[in-house]
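S.K.: This one is data.cif, mmCIF, C-alpha atoms.
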```
data_entry
#
loop_
_atom_site.label_atom_id
_atom_site.label_comp_id
_atom_site.auth_asym_id
_atom_site.auth_seq_id
_atom_site.Cartn_x
_atom_site.Cartn_y
_atom_site.Cartn_z
CA MET T 84 0.00 0.00 0.00
CA PRO T 85 1.37 3.44 -0.90
CA PRO T 86 1.68 5.93 1.96
CA GLU T 87 -1.25 8.26 2.50
CA ASP T 88 0.51 11.33 1.09
CA PHE T 89 1.34 9.45 -2.14
CA TRP T 90 -1.86 10.54 -3.88
CA ASN T 91 -0.92 14.06 -4.92
CA TRP T 92 -1.05 15.59 -8.41
CA ALA T 93 2.68 15.19 -9.04
CA ASN T 94 2.67 11.47 -8.28
CA LEU T 95 -0.56 10.89 -10.18
CA SER T 96 0.98 12.65 -13.18
CA ARG T 97 4.08 10.44 -12.91
CA LEU T 98 1.90 7.34 -12.70
CA LEU T 99 -0.08 8.33 -15.79
CA GLU T 100 3.15 9.21 -17.60
CA GLY T 101 4.52 5.77 -16.79
CA CYS T 102 1.37 4.09 -18.14
CA TYR T 103 1.46 6.32 -21.23
CA VAL T 104 5.10 5.40 -21.89
CA ALA T 105 4.36 1.69 -21.51
CA VAL T 106 1.27 1.71 -23.77
CA SER T 107 2.91 3.97 -26.38
CA LEU T 108 6.01 1.81 -26.63
CA ALA T 109 3.89 -1.35 -26.77
CA LEU T 110 1.75 0.12 -29.55
CA ALA T 111 4.80 1.36 -31.48
CA ALA T 112 6.38 -2.09 -31.16
CA ARG T 113 3.20 -3.76 -32.37
CA LEU T 114 2.91 -1.41 -35.35
CA LEU T 115 6.52 -2.22 -36.23
CA ARG T 116 6.12 -5.96 -35.72
CA ASN T 117 3.04 -6.42 -37.88
CA GLY T 118 4.27 -4.08 -40.63
CA MET T 119 1.67 -1.39 -40.02
CA SER T 120 4.43 1.12 -39.37
CA ARG T 121 4.81 1.34 -43.17
CA ARG T 122 1.32 2.84 -43.37
CA TYR T 123 1.40 4.65 -40.04
CA GLY T 124 5.05 5.67 -40.02
CA VAL T 125 4.57 9.09 -38.42
CA LEU T 126 2.30 7.68 -35.73
CA THR T 127 4.82 4.96 -34.91
CA ALA T 128 7.68 7.46 -34.79
CA PHE T 129 5.64 9.90 -32.68
CA LEU T 130 4.64 7.24 -30.16
CA ALA T 131 8.27 6.15 -29.75
CA PHE T 132 9.51 9.74 -29.69
CA SER T 133 7.02 10.95 -27.09
CA ALA T 134 7.61 7.92 -24.86
CA LEU T 135 11.40 8.22 -25.07
CA THR T 136 11.16 11.97 -24.42
CA LEU T 137 9.21 11.33 -21.22
CA ILE T 138 11.74 8.72 -20.13
CA GLY T 139 14.55 11.20 -20.84
CA PHE T 140 12.84 13.94 -18.83
CA TYR T 141 12.38 11.55 -15.93
CA PHE T 142 16.15 11.39 -15.51
CA LEU T 143 16.77 15.11 -15.97
CA PRO T 144 16.83 17.24 -12.82
CA ARG T 145 13.73 19.46 -12.82
CA ARG T 146 13.89 23.24 -12.53
CA THR T 147 17.41 23.39 -14.03
CA ASN T 148 18.74 25.16 -17.11
CA LEU T 149 19.52 21.82 -18.74
CA TYR T 150 15.90 20.70 -18.34
CA ALA T 151 14.67 23.96 -19.86
CA GLN T 152 17.16 23.80 -22.75
CA VAL T 153 16.16 20.24 -23.65
CA TYR T 154 12.49 21.13 -23.32
CA PHE T 155 12.74 24.17 -25.61
CA ALA T 156 14.89 22.27 -28.11
CA LEU T 157 12.23 19.57 -28.41
CA VAL T 158 9.30 21.94 -28.84
CA PRO T 159 9.75 22.57 -32.61
CA LEU T 160 10.32 18.86 -33.15
CA ASN T 161 7.01 18.14 -31.39
CA TRP T 162 5.20 20.66 -33.56
CA GLY T 163 6.70 19.10 -36.66
CA PHE T 164 5.34 15.77 -35.50
CA TYR T 165 1.90 17.28 -34.91
CA PHE T 166 1.61 18.57 -38.47
CA ALA T 167 3.06 15.33 -39.84
CA LEU T 168 0.43 13.36 -37.89
CA ALA T 169 -2.36 15.51 -39.34
CA TYR T 170 -0.89 14.99 -42.82
CA GLU T 171 -0.75 11.24 -42.24
CA ALA T 172 -4.41 11.24 -41.16
CA TYR T 173 -5.34 13.13 -44.35
CA ARG T 174 -3.30 10.76 -46.55
CA ARG T 175 -4.76 7.64 -44.97
CA ALA T 176 -8.31 9.00 -45.11
CA LEU T 177 -8.22 9.75 -48.84
CA GLU T 178 -5.89 7.01 -50.07
CA ASP T 179 -8.70 4.88 -51.53
CA HIS T 180 -10.39 7.75 -53.35
CA PRO T 181 -8.38 9.10 -56.29
CA GLY T 182 -11.50 10.77 -57.69
CA ILE T 183 -11.48 13.38 -54.94
CA ALA T 184 -7.73 13.48 -54.21
CA THR T 185 -7.07 16.95 -55.63
CA ALA T 186 -10.33 18.33 -54.26
CA GLY T 187 -9.31 16.97 -50.86
CA ARG T 188 -5.92 18.66 -51.17
CA TRP T 189 -7.59 21.97 -52.04
CA VAL T 190 -9.99 21.68 -49.13
CA VAL T 191 -7.22 20.81 -46.66
CA SER T 192 -4.96 23.62 -47.97
CA GLY T 193 -7.80 26.13 -47.75
CA GLY T 194 -8.74 24.67 -44.37
CA LEU T 195 -5.19 25.23 -43.13
CA VAL T 196 -5.30 28.91 -44.10
CA LEU T 197 -8.71 29.33 -42.46
CA ALA T 198 -7.55 27.43 -39.36
CA VAL T 199 -4.50 29.68 -38.99
CA LEU T 200 -6.66 32.80 -39.35
CA ALA T 201 -9.29 31.55 -36.90
CA THR T 202 -6.61 30.49 -34.41
CA SER T 203 -4.90 33.89 -34.65
CA VAL T 204 -8.16 35.52 -33.59
CA THR T 205 -8.63 33.14 -30.64
CA LEU T 206 -5.10 33.90 -29.39
CA LEU T 207 -6.37 37.29 -28.24
CA VAL T 208 -8.04 35.39 -25.39
CA ASP T 209 -4.71 33.93 -24.22
CA LEU T 210 -2.90 37.21 -24.58
CA SER T 211 -5.61 39.00 -22.59
CA ALA T 212 -4.27 37.19 -19.51
CA GLY T 213 -1.41 39.72 -19.38
CA THR T 214 2.18 39.10 -18.31
CA GLN T 215 2.97 35.98 -16.33
CA ARG T 216 5.77 34.82 -14.07
CA PHE T 217 7.64 32.94 -16.82
CA PRO T 218 7.17 35.00 -20.00
CA VAL T 219 9.23 32.73 -22.28
CA LEU T 220 7.37 29.63 -21.14
CA PHE T 221 4.09 31.51 -21.51
CA ALA T 222 5.02 32.45 -25.10
CA VAL T 223 5.84 28.83 -25.89
CA HIS T 224 2.54 27.67 -24.42
CA VAL T 225 0.60 30.28 -26.40
CA ALA T 226 2.36 29.13 -29.57
CA GLU T 227 1.73 25.48 -28.72
CA ARG T 228 -1.95 26.28 -28.11
CA ALA T 229 -2.01 27.94 -31.53
CA VAL T 230 -0.50 24.85 -33.16
CA ALA T 231 -2.91 22.49 -31.37
CA THR T 232 -5.94 24.64 -32.24
CA THR T 233 -4.87 24.95 -35.87
CA ILE T 234 -4.53 21.18 -36.22
CA THR T 235 -7.87 20.59 -34.45
CA LEU T 236 -9.60 22.93 -36.90
CA LEU T 237 -7.76 21.34 -39.81
CA LEU T 238 -8.95 17.89 -38.74
CA ALA T 239 -12.48 19.29 -38.35
CA VAL T 240 -12.33 20.55 -41.96
CA LEU T 241 -11.04 17.16 -43.08
CA THR T 242 -13.89 15.42 -41.21
CA GLY T 243 -16.40 17.75 -42.87
CA PHE T 244 -14.98 16.89 -46.30
CA LEU T 245 -15.09 13.16 -45.53
CA LEU T 246 -18.70 13.43 -44.38
CA TYR T 247 -19.72 15.46 -47.42
CA PHE T 248 -18.60 13.00 -50.06
CA PRO T 249 -19.21 10.59 -47.99
CA VAL T 250 -15.91 8.76 -47.64
CA LEU T 251 -15.96 5.31 -46.08
CA LEU T 252 -12.90 5.13 -43.88
CA ARG T 253 -10.95 2.05 -42.96
CA ARG T 254 -11.28 1.36 -39.27
CA ASN T 255 -7.69 2.32 -38.46
CA SER T 256 -7.94 5.58 -40.41
CA LEU T 257 -11.15 6.45 -38.56
CA LEU T 258 -9.46 5.73 -35.24
CA LEU T 259 -6.48 7.84 -36.24
CA VAL T 260 -8.61 10.83 -37.31
CA THR T 261 -10.80 10.69 -34.19
CA GLY T 262 -7.91 10.02 -31.81
CA LEU T 263 -5.87 12.90 -33.19
CA THR T 264 -8.87 15.24 -33.07
CA LEU T 265 -9.40 14.42 -29.39
CA TYR T 266 -5.66 14.64 -28.68
CA PHE T 267 -5.27 18.12 -30.17
CA LEU T 268 -8.63 19.35 -28.92
CA GLY T 269 -7.74 18.34 -25.36
CA LYS T 270 -4.29 19.88 -25.66
CA ALA T 271 -5.68 23.15 -27.06
CA LEU T 272 -8.31 23.51 -24.32
CA LEU T 273 -5.97 22.61 -21.46
CA LEU T 274 -3.33 25.01 -22.75
CA LEU T 275 -6.00 27.70 -23.04
CA LEU T 276 -6.85 27.20 -19.37
CA ARG T 277 -3.18 27.20 -18.43
CA ASN T 278 -2.53 30.41 -20.37
CA LEU T 279 -5.52 32.12 -18.79
CA LEU T 280 -4.96 31.03 -15.21
CA GLY T 281 -1.17 31.01 -15.00
CA PRO T 282 1.56 28.52 -14.11
CA ALA T 283 0.00 27.57 -10.76
CA THR T 284 -2.44 25.33 -12.65
CA VAL T 285 0.24 23.37 -14.49
CA GLU T 286 0.30 20.43 -12.12
CA VAL T 287 -3.41 19.68 -12.36
CA LEU T 288 -3.77 20.44 -16.07
CA SER T 289 -0.73 18.44 -17.06
CA THR T 290 -2.14 15.47 -15.10
CA VAL T 291 -5.46 15.79 -16.92
CA ASN T 292 -3.56 16.00 -20.21
CA GLN T 293 -1.58 12.86 -19.37
CA GLY T 294 -4.83 11.08 -18.52
CA LEU T 295 -6.37 12.09 -21.84
CA ASN T 296 -3.28 11.03 -23.77
CA LEU T 297 -3.32 7.69 -21.99
CA VAL T 298 -6.98 7.13 -22.88
CA ILE T 299 -6.35 7.90 -26.57
CA VAL T 300 -3.23 5.74 -26.84
CA SER T 301 -4.99 2.90 -24.98
CA LEU T 302 -7.91 3.17 -27.38
CA TRP T 303 -5.53 2.91 -30.32
CA PHE T 304 -3.73 0.01 -28.65
CA LEU T 305 -6.98 -1.88 -28.17
CA ARG T 306 -8.65 -1.07 -31.48
CA ILE T 307 -5.98 -0.61 -34.16
CA ALA T 308 -5.52 -3.92 -35.94
CA PRO T 309 -3.87 -5.13 -39.16
CA GLU T 310 -5.94 -4.29 -42.22
CA ILE T 311 -7.07 -6.51 -45.05
CA PRO T 312 -5.07 -5.52 -48.15
CA GLY T 313 -6.92 -3.97 -51.07
CA PRO T 314 -9.29 -1.06 -51.42
CA GLY T 315 -10.51 -0.44 -47.94
CA GLY T 316 -13.60 1.64 -47.44
CA ARG T 317 -14.97 1.39 -50.97
CA ARG T 318 -18.28 -0.21 -51.74
CA PRO T 319 -19.91 -0.66 -55.12
CA THR T 320 -22.00 2.47 -55.54
CA VAL T 321 -24.71 1.10 -57.76
CA PRO T 322 -26.15 -2.43 -57.75
CA ASN T 323 -25.94 -3.72 -61.34
CA GLU T 324 -29.59 -4.40 -62.14
CA GLN T 325 -30.77 -1.20 -60.56
CA ALA T 326 -28.01 0.66 -62.35
CA GLU T 327 -29.00 -0.63 -65.77
CA GLU T 328 -32.63 0.21 -65.19
CA MET T 329 -31.74 3.63 -63.85
CA LEU T 330 -29.52 4.31 -66.85
CA ARG T 331 -32.32 3.40 -69.26
CA ARG T 332 -34.78 5.66 -67.47
CA LEU T 333 -32.34 8.53 -67.26
CA GLY T 334 -31.65 8.16 -70.96
CA ARG T 335 -35.35 8.39 -71.79
CA LEU T 336 -35.78 11.40 -69.55
CA ASN T 337 -32.81 13.19 -71.04
CA GLU T 338 -34.20 12.63 -74.53
CA VAL T 339 -37.42 14.31 -73.43
CA LEU T 340 -35.51 17.14 -71.81
CA THR T 341 -33.31 17.78 -74.85
CA ARG T 342 -36.36 17.93 -77.14
CA GLY T 343 -37.39 21.08 -75.27
CA PRO T 344 -40.02 22.03 -72.77
CA GLY T 345 -43.41 20.43 -73.26
CA ARG T 346 -46.55 22.44 -72.79
CA MET W 168 -6.05 22.99 -7.62
CA GLN W 169 -6.64 26.20 -5.67
CA ALA W 170 -5.63 28.21 -8.71
CA LEU W 171 -8.41 26.55 -10.70
CA LEU W 172 -11.00 26.94 -7.98
CA ALA W 173 -10.11 30.60 -7.66
CA HIS W 174 -11.48 31.21 -11.18
CA PRO W 175 -14.70 29.20 -11.31
CA ASN W 176 -16.18 31.22 -14.19
CA VAL W 177 -13.21 30.68 -16.48
CA VAL W 178 -13.03 26.99 -15.62
CA ALA W 179 -16.79 26.56 -16.13
CA ALA W 180 -16.62 28.33 -19.50
CA VAL W 181 -13.73 26.17 -20.72
CA VAL W 182 -15.38 22.99 -19.40
CA ALA W 183 -18.63 23.91 -21.19
CA LEU W 184 -16.69 24.62 -24.38
CA SER W 185 -14.86 21.30 -23.99
CA ALA W 186 -18.14 19.42 -23.57
CA LEU W 187 -19.56 21.08 -26.67
CA LEU W 188 -16.51 20.36 -28.81
CA LEU W 189 -16.21 16.83 -27.47
CA ALA W 190 -19.84 16.20 -28.40
CA ALA W 191 -19.10 17.55 -31.89
CA ALA W 192 -16.06 15.26 -32.20
CA VAL W 193 -18.07 12.22 -31.07
CA TRP W 194 -20.87 13.16 -33.49
CA GLY W 195 -18.32 13.41 -36.34
CA HIS W 196 -16.84 10.04 -35.41
CA ARG W 197 -20.26 8.37 -35.32
CA ARG W 198 -21.24 9.91 -38.65
CA LEU W 199 -18.01 8.72 -40.26
CA ARG W 200 -18.42 5.26 -38.75
CA THR W 201 -21.97 4.93 -40.08
CA ALA W 202 -21.33 6.57 -43.46
CA HIS W 203 -22.12 3.29 -45.24
CA VAL W 204 -25.60 3.25 -43.68
CA ARG W 205 -26.36 6.89 -44.37
CA GLN W 206 -25.26 6.64 -47.98
CA GLN W 207 -28.02 4.16 -48.81
CA ILE W 208 -29.49 5.73 -51.88
CA ASP W 209 -33.23 5.78 -52.40
CA TRP W 210 -33.24 4.45 -55.95
CA LYS W 211 -36.94 4.96 -56.35
CA THR W 212 -36.48 8.68 -55.84
CA VAL W 213 -33.44 8.85 -58.10
CA GLN W 214 -35.18 6.95 -60.89
CA SER W 215 -38.41 8.86 -60.67
CA PHE W 216 -36.90 12.33 -60.87
CA ASN W 217 -38.20 14.34 -63.78
CA GLY W 218 -37.38 18.01 -64.20
CA GLU W 219 -40.61 18.53 -66.15
CA TYR W 220 -42.63 17.72 -63.05
CA TYR W 221 -41.52 21.04 -61.52
CA ARG W 222 -42.45 23.22 -64.49
CA PRO W 223 -45.68 24.47 -62.79
CA LEU W 224 -43.64 25.70 -59.82
CA GLU W 225 -42.56 28.80 -61.70
CA ARG W 226 -46.16 29.72 -62.40
CA ILE W 227 -47.22 28.94 -58.83
CA LEU W 228 -44.55 31.26 -57.47
CA GLY W 229 -45.21 33.93 -60.10
CA GLU W 230 -47.56 36.89 -59.81
CA ASP W 231 -49.40 36.55 -63.16
CA ASP W 232 -52.31 34.42 -61.93
CA GLN W 233 -52.83 36.69 -58.96
CA ARG W 234 -52.96 39.75 -61.21
CA PHE W 235 -55.39 37.96 -63.53
CA LEU W 236 -57.63 37.11 -60.57
CA GLU W 237 -57.58 40.72 -59.39
CA ARG W 238 -58.89 41.90 -62.76
CA LEU W 239 -61.92 39.60 -62.67
CA PRO W 240 -65.29 41.17 -61.79
CA GLY W 241 -66.40 40.44 -58.24
CA TYR W 242 -62.85 40.08 -56.97
CA GLN W 243 -62.48 40.57 -53.23
CA PRO W 244 -59.27 40.75 -51.18
CA GLU W 245 -60.38 37.70 -49.13
CA ILE W 246 -60.52 35.62 -52.32
CA GLY W 247 -57.03 36.82 -53.22
CA GLY W 248 -55.77 35.97 -49.73
CA GLU W 249 -57.19 32.44 -49.87
CA PHE W 250 -55.78 31.99 -53.38
CA ARG W 251 -52.29 33.03 -52.27
CA LYS W 252 -52.48 30.77 -49.20
CA GLN W 253 -53.34 27.78 -51.35
CA ARG W 254 -50.56 28.65 -53.77
CA ARG W 255 -48.05 28.85 -50.92
CA GLU W 256 -49.07 25.42 -49.64
CA ILE W 257 -48.78 23.86 -53.10
CA ALA W 258 -45.40 25.52 -53.69
CA SER W 259 -44.19 24.30 -50.31
CA ARG W 260 -45.10 20.72 -51.20
CA TYR W 261 -43.32 21.02 -54.55
CA LEU W 262 -40.24 22.41 -52.81
CA ASP W 263 -40.23 19.62 -50.21
CA ARG W 264 -40.31 17.02 -52.93
CA LEU W 265 -37.69 18.81 -55.01
CA GLU W 266 -35.41 19.06 -52.00
CA ARG W 267 -35.84 15.36 -51.23
CA GLU W 268 -35.10 14.37 -54.82
CA PHE W 269 -32.16 16.73 -55.14
CA ARG W 270 -30.65 15.38 -51.92
CA GLN W 271 -30.74 11.86 -53.29
CA LEU W 272 -29.43 12.87 -56.71
CA HIS W 273 -26.64 14.91 -55.19
CA LEU W 274 -25.69 12.13 -52.78
CA LEU W 275 -25.48 9.69 -55.67
CA ALA W 276 -23.40 12.12 -57.75
CA ARG W 277 -21.00 12.73 -54.85
CA THR W 278 -20.71 9.00 -54.28
CA LEU W 279 -19.95 8.38 -57.95
CA VAL W 280 -17.28 11.11 -57.98
CA ARG W 281 -15.81 9.68 -54.80
CA ASP W 282 -15.51 6.25 -56.42
CA LEU W 283 -13.95 7.47 -59.67
CA GLU W 284 -10.68 5.85 -60.63
CA HIS W 285 -9.33 9.13 -62.00
CA ASP W 286 -8.94 12.45 -60.27
CA ARG W 287 -11.75 14.86 -61.23
CA PRO W 288 -11.26 17.96 -59.07
CA GLU W 289 -13.27 20.24 -61.39
CA LEU W 290 -16.29 17.94 -61.14
CA ALA W 291 -15.98 17.65 -57.37
CA VAL W 292 -15.86 21.44 -57.07
CA ALA W 293 -18.78 21.85 -59.50
CA LEU W 294 -20.81 19.44 -57.36
CA VAL W 295 -20.00 21.36 -54.20
CA ARG W 296 -20.96 24.59 -55.95
CA SER W 297 -24.22 23.22 -57.35
CA GLY W 298 -25.16 21.84 -53.94
CA ALA W 299 -24.43 25.17 -52.26
CA GLU W 300 -26.31 27.13 -54.94
CA PHE W 301 -29.30 24.82 -54.68
CA ARG W 302 -29.48 25.28 -50.92
CA TRP W 303 -29.06 29.06 -51.22
CA ASN W 304 -31.77 29.35 -53.88
CA LEU W 305 -34.08 27.05 -51.93
CA TRP W 306 -33.58 29.18 -48.83
CA LYS W 307 -34.40 32.33 -50.82
CA VAL W 308 -37.59 30.82 -52.24
CA ARG W 309 -38.66 29.52 -48.83
CA LEU W 310 -37.94 32.89 -47.22
CA ARG W 311 -40.04 34.59 -49.89
CA LEU W 312 -42.88 32.17 -49.18
CA THR W 313 -42.63 32.78 -45.44
CA LEU W 314 -42.59 36.54 -45.90
CA ALA W 315 -45.55 36.32 -48.26
CA ALA W 316 -47.60 34.78 -45.45
CA LEU W 317 -46.95 37.81 -43.25
CA PRO W 318 -48.92 41.04 -43.50
CA LEU W 319 -46.03 42.85 -45.13
CA PRO W 320 -45.73 44.69 -48.44
CA VAL W 321 -43.91 41.72 -49.99
CA SER W 322 -44.87 42.77 -53.46
CA ALA W 323 -41.98 45.21 -53.14
CA LEU W 324 -39.61 42.26 -52.89
CA ARG W 325 -38.00 40.97 -56.04
CA PRO W 326 -39.81 37.79 -57.13
CA VAL W 327 -37.67 34.65 -56.97
CA SER W 328 -37.61 32.06 -59.69
CA PRO W 329 -37.37 28.33 -58.95
CA ARG W 330 -35.66 27.78 -62.30
CA GLY W 331 -32.19 27.59 -60.71
CA LEU W 332 -33.38 24.87 -58.35
CA VAL W 333 -34.74 22.64 -61.08
CA GLU W 334 -31.74 23.31 -63.33
CA ALA W 335 -29.38 22.24 -60.53
CA ALA W 336 -31.27 18.97 -60.12
CA VAL W 337 -31.35 18.31 -63.88
CA TRP W 338 -27.62 19.10 -64.14
CA THR W 339 -26.89 16.69 -61.28
CA GLN W 340 -28.97 14.03 -63.01
CA ALA W 341 -26.98 14.54 -66.21
CA GLN W 342 -23.71 14.19 -64.31
CA ILE W 343 -24.94 10.93 -62.78
CA ARG W 344 -25.68 9.59 -66.23
CA VAL W 345 -22.22 10.49 -67.57
CA LEU W 346 -20.43 9.25 -64.46
CA HIS W 347 -22.31 6.01 -64.41
CA ALA W 348 -21.70 5.41 -68.10
CA GLN W 349 -17.98 5.90 -67.47
CA ALA W 350 -18.07 3.55 -64.49
CA ALA W 351 -19.96 0.92 -66.50
CA ALA W 352 -17.48 1.23 -69.40
CA SER W 353 -14.45 0.78 -67.16
CA ALA W 354 -16.02 -2.16 -65.24
#
```
Give the structure from the file, written as structure tokens.
M.R.:
Amino acid sequence: MPPEDFWNWANLSRLLEGCYVAVSLALAARLLRNGMSRRYGVLTAFLAFSALTLIGFYFLPRRTNLYAQVYFALVPLNWGFYFALAYEAYRRALEDHPGIATAGRWVVSGGLVLAVLATSVTLLVDLSAGTQRFPVLFAVHVAERAVATTITLLLAVLTGFLLYFPVLLRRNSLLLVTGLTLYFLGKALLLLLRNLLGPATVEVLSTVNQGLNLVIVSLWFLRIAPEIPGPGGRRPTVPNEQAEEMLRRLGRLNEVLTRGPGR
Amino acid sequence: MQALLAHPNVVAAVVALSALLLAAAVWGHRRLRTAHVRQQIDWKTVQSFNGEYYRPLERILGEDDQRFLERLPGYQPEIGGEFRKQRREIASRYLDRLEREFRQLHLLARTLVRDLEHDRPELAVALVRSGAEFRWNLWKVRLRLTLAALPLPVSALRPVSPRGLVEAAVWTQAQIRVLHAQAAASA
């Protein structure tokens, strides 16, 4: 039995971090072992990277310059991973649908511009909090919130496009899109709270964030499975007999229409 | 924890926002997961669509019959009011049916474009545009009908034509024919 004072936010956060590291590494290993890392390369790399980063931070002395330097050095790398993950979700979602590939690219590109613009406006809320005790860290968190919000909006645009056409996703692609949406949505909202309320909330919010990350990675671990090769989400659009009949009727109708309006 | 509890309004606002966005994410996930069910096309509706059926709609929404009625001897405003009410009801039924048929036609066209073997961005964009235009025009016609039911000087409003609505449906039907012929040829 742990001592009574064990259950504080710091220890709970460590516990969740430990579970996250274990599940992430297990999932990355499974993706590598069954060859799915070829299709989900960025996800595999991100899971391994984030787990190894947490392990590395565990051994670094907290509240030191070295800790801060490593943390700041890894921030751009993390952001790169975030955008790469969103790109992987987009690629996997539209891979079976060449007919709408370019349209999808246009929508996602336009969505990115709109997401950046919308996010820029929402940053006014963060910046309204005024100066904080650690201005550099605050700036990094504001930027990270911007990145997370942008990717959340981008994934929302992608989801809207998929629903409009309507694209039938493979199960793993659906899990990836939903998991990433929840991941970035949670991150954006928790960072918003942190930016508004100051560094005193970090302990609680980071624990909640770890819990959310653990739930998402566990969901992926439990649900992501090897896929059957071949075109995934596609179904025949038109049953043959119905199609032939429909074609005949449409032909007759078009003949009538091209003859001109009847009175 | 104290820092959070010290700002209950901010926390409550962010929690409410989180709940709303989470619900939207779950809704999106469920819709994507059940896309194969929702894309069941009502073939009866698709097959039975005929643009000619909606030709009377233009006359129903027009002012000519009303003006003709007003010129008849014995005309009374009550008769005109009843006539307009009936016309609005008929037009509304036509629009409901047209909307239902267009939705099915457009869904089928989108599905066919989605399943194309070759990239057709211009067609995908044209479909998006036609869908948006249809909805915009339908909204305008419906708004006009709603305003006409109110005791307002709606005759000052510019009359709206349903032609764009029917043309959008006929265009979509033509695209389905071409797309399906291509699909049948490549099968």
S.K.: Using only C-alpha atoms, which protein or nucleic acid residues come within 10 Å of region 281-297 of chain W? Drop anything in the same chain fewer than 4 positions from it, and give the result as a ChimeraX atom specification.
M.R.: /T:177,179-190,245,247-251,317-320 /W:273-277,301-303,331-332,334-336,338-339,342,346-347,349-350,353
S.K.: Using all atoms listed in the file, which residues sit within 12 Å of region 236-250 of chain W once same-chain residues fewer than 4 positions away are excluded, as a list in words?
M.R.: Ile227, Leu228, Glu230, Asp231, Asp232, Arg254, Arg255, Glu256, Ile257, Ala315, Ala316, Leu317 and Pro318 of chain W
S.K.: For each of W:Val337, W:Ala170, W:Val178, W:Ala190, take the minimum atom-to-atom distance to Leu272 (chain W), counting all atoms listed in the file, then give the residue where this is smallest.
M.R.: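 Looking at the shortest contact to Leu272 (chain W), the residue is W:Val337.
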S.K.: Report, in Å to a single decimal, how far apart CA of Arg251 (chain W) and CA of Gln233 (chain W) are.
M.R.: 7.6 Å
S.K.: Between W:Ala173, W:Gln214, W:Leu187, W:Ile208, single out the one closest to chain T, counting only C-alpha atoms.
M.R.: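 The closest residue to chain T is W:Gln214.
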S.K.: With only C-alpha atoms as the basis for distance, which of T:Gly118, T:Gly262, T:Pro218, T:Gly101 is at the shortest distance from Glu310 (chain T)?
M.R.: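 Result for the nearest residue to Glu310 (chain T): T:Gly118.
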S.K.: Excluding Leu126 (chain T) and its own-chain neighbours fewer than 3 positions away, which residues fall within 12 Å of it when counting only C-alpha atoms? Please give them as a PyMOL selection string.
M.R.: chain T and resi 107-108+110-115+119-123+129-133+164-172+175+255-256+258-260+262-263+300+303+307
S.K.: In Å, rounded to a single decimal, give me how far CA of Ala231 (chain T) is from CA of Pro282 (chain T).
M.R.: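 So the answer is 18.8 Å.
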S.K.: From the set T:Ala93, T:Val158, T:Leu297, T:Cys102, which residue has the shortest atom-to-atom contact distance to chain W, counting only C-alpha atoms?
M.R.: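 So, comparing all the options, the nearest one is T:Ala93.
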S.K.: What is the CA of Leu160 (chain T)-CA of Ala229 (chain T) distance in Å, reported with one decimal?
M.R.: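 Computing the Euclidean distance for CA of Leu160 (chain T) and CA of Ala229 (chain T) yields 15.4 Å.
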S.K.: Write out as a VMD selection string the residues lying within 10 Å of Val285 (chain T), counting all atoms listed in the file and excluding same-chain residues fewer than 4 positions away.
M.R.: (chain T and resid 92 273 to 274 276 to 278 280 to 281 289 to 291) or (chain W and resid 168 170 to 171)
S.K.: Once you have the residues from the selection above, write them out as an mmCIF file, keeping the file's coordinate frame, restricted to C-alpha atoms.
M.R.:
```
data_model
loop_
_atom_site.group_PDB
_atom_site.id
_atom_site.type_symbol
_atom_site.label_atom_id
_atom_site.label_comp_id
_atom_site.auth_asym_id
_atom_site.auth_seq_id
_atom_site.Cartn_x
_atom_site.Cartn_y
_atom_site.Cartn_z
ATOM 1 C CA TRP T 92 -1.050 15.590 -8.410
ATOM 2 C CA LEU T 273 -5.970 22.610 -21.460
ATOM 3 C CA LEU T 274 -3.330 25.010 -22.750
ATOM 4 C CA LEU T 276 -6.850 27.200 -19.370
ATOM 5 C CA ARG T 277 -3.180 27.200 -18.430
ATOM 6 C CA ASN T 278 -2.530 30.410 -20.370
ATOM 7 C CA LEU T 280 -4.960 31.030 -15.210
ATOM 8 C CA GLY T 281 -1.170 31.010 -15.000
ATOM 9 C CA SER T 289 -0.730 18.440 -17.060
ATOM 10 C CA THR T 290 -2.140 15.470 -15.100
ATOM 11 C CA VAL T 291 -5.460 15.790 -16.920
ATOM 12 C CA MET W 168 -6.050 22.990 -7.620
ATOM 13 C CA ALA W 170 -5.630 28.210 -8.710
ATOM 14 C CA LEU W 171 -8.410 26.550 -10.700
#
```
S.K.: On this file, the PyMOL selection byres ((chain T and resi 237) around 8) gives some set of residues; write that set as a ChimeraX atom specification.
M.R.: /T:169,191,194-195,198,233-236,238-241
S.K.: For region 192-196 of chain W, please output as a PyMOL selection string all residues within 9 Å (counting all atoms listed in the file; exclusion window: fewer than 6 positions along the same chain).
M.R.: chain T and resi 239+242-243+246+257-258+260-261+264-265
S.K.: May I have the residues from that selection written out with C-alpha atoms, as a compact mmCIF listing (two decimals), in the frame of the given file?
M.R.:
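As a result, part_33.txt now contains:
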```
# COMPACT_ATOMS: atom_id res chain seq x y z
CA ALA T 239 -12.48 19.29 -38.35
CA THR T 242 -13.89 15.42 -41.21
CA GLY T 243 -16.40 17.75 -42.87
CA LEU T 246 -18.70 13.43 -44.38
CA LEU T 257 -11.15 6.45 -38.56
CA LEU T 258 -9.46 5.73 -35.24
CA VAL T 260 -8.61 10.83 -37.31
CA THR T 261 -10.80 10.69 -34.19
CA THR T 264 -8.87 15.24 -33.07
CA LEU T 265 -9.40 14.42 -29.39
```
S.K.: With the PyMOL selection byres ((chain W and resi 307) around 12) as the selection, what would be picked from this file? Answer as a VMD selection string, please.
M.R.: chain W and resid 262 300 to 306 308 to 314 324 to 329 331 to 332
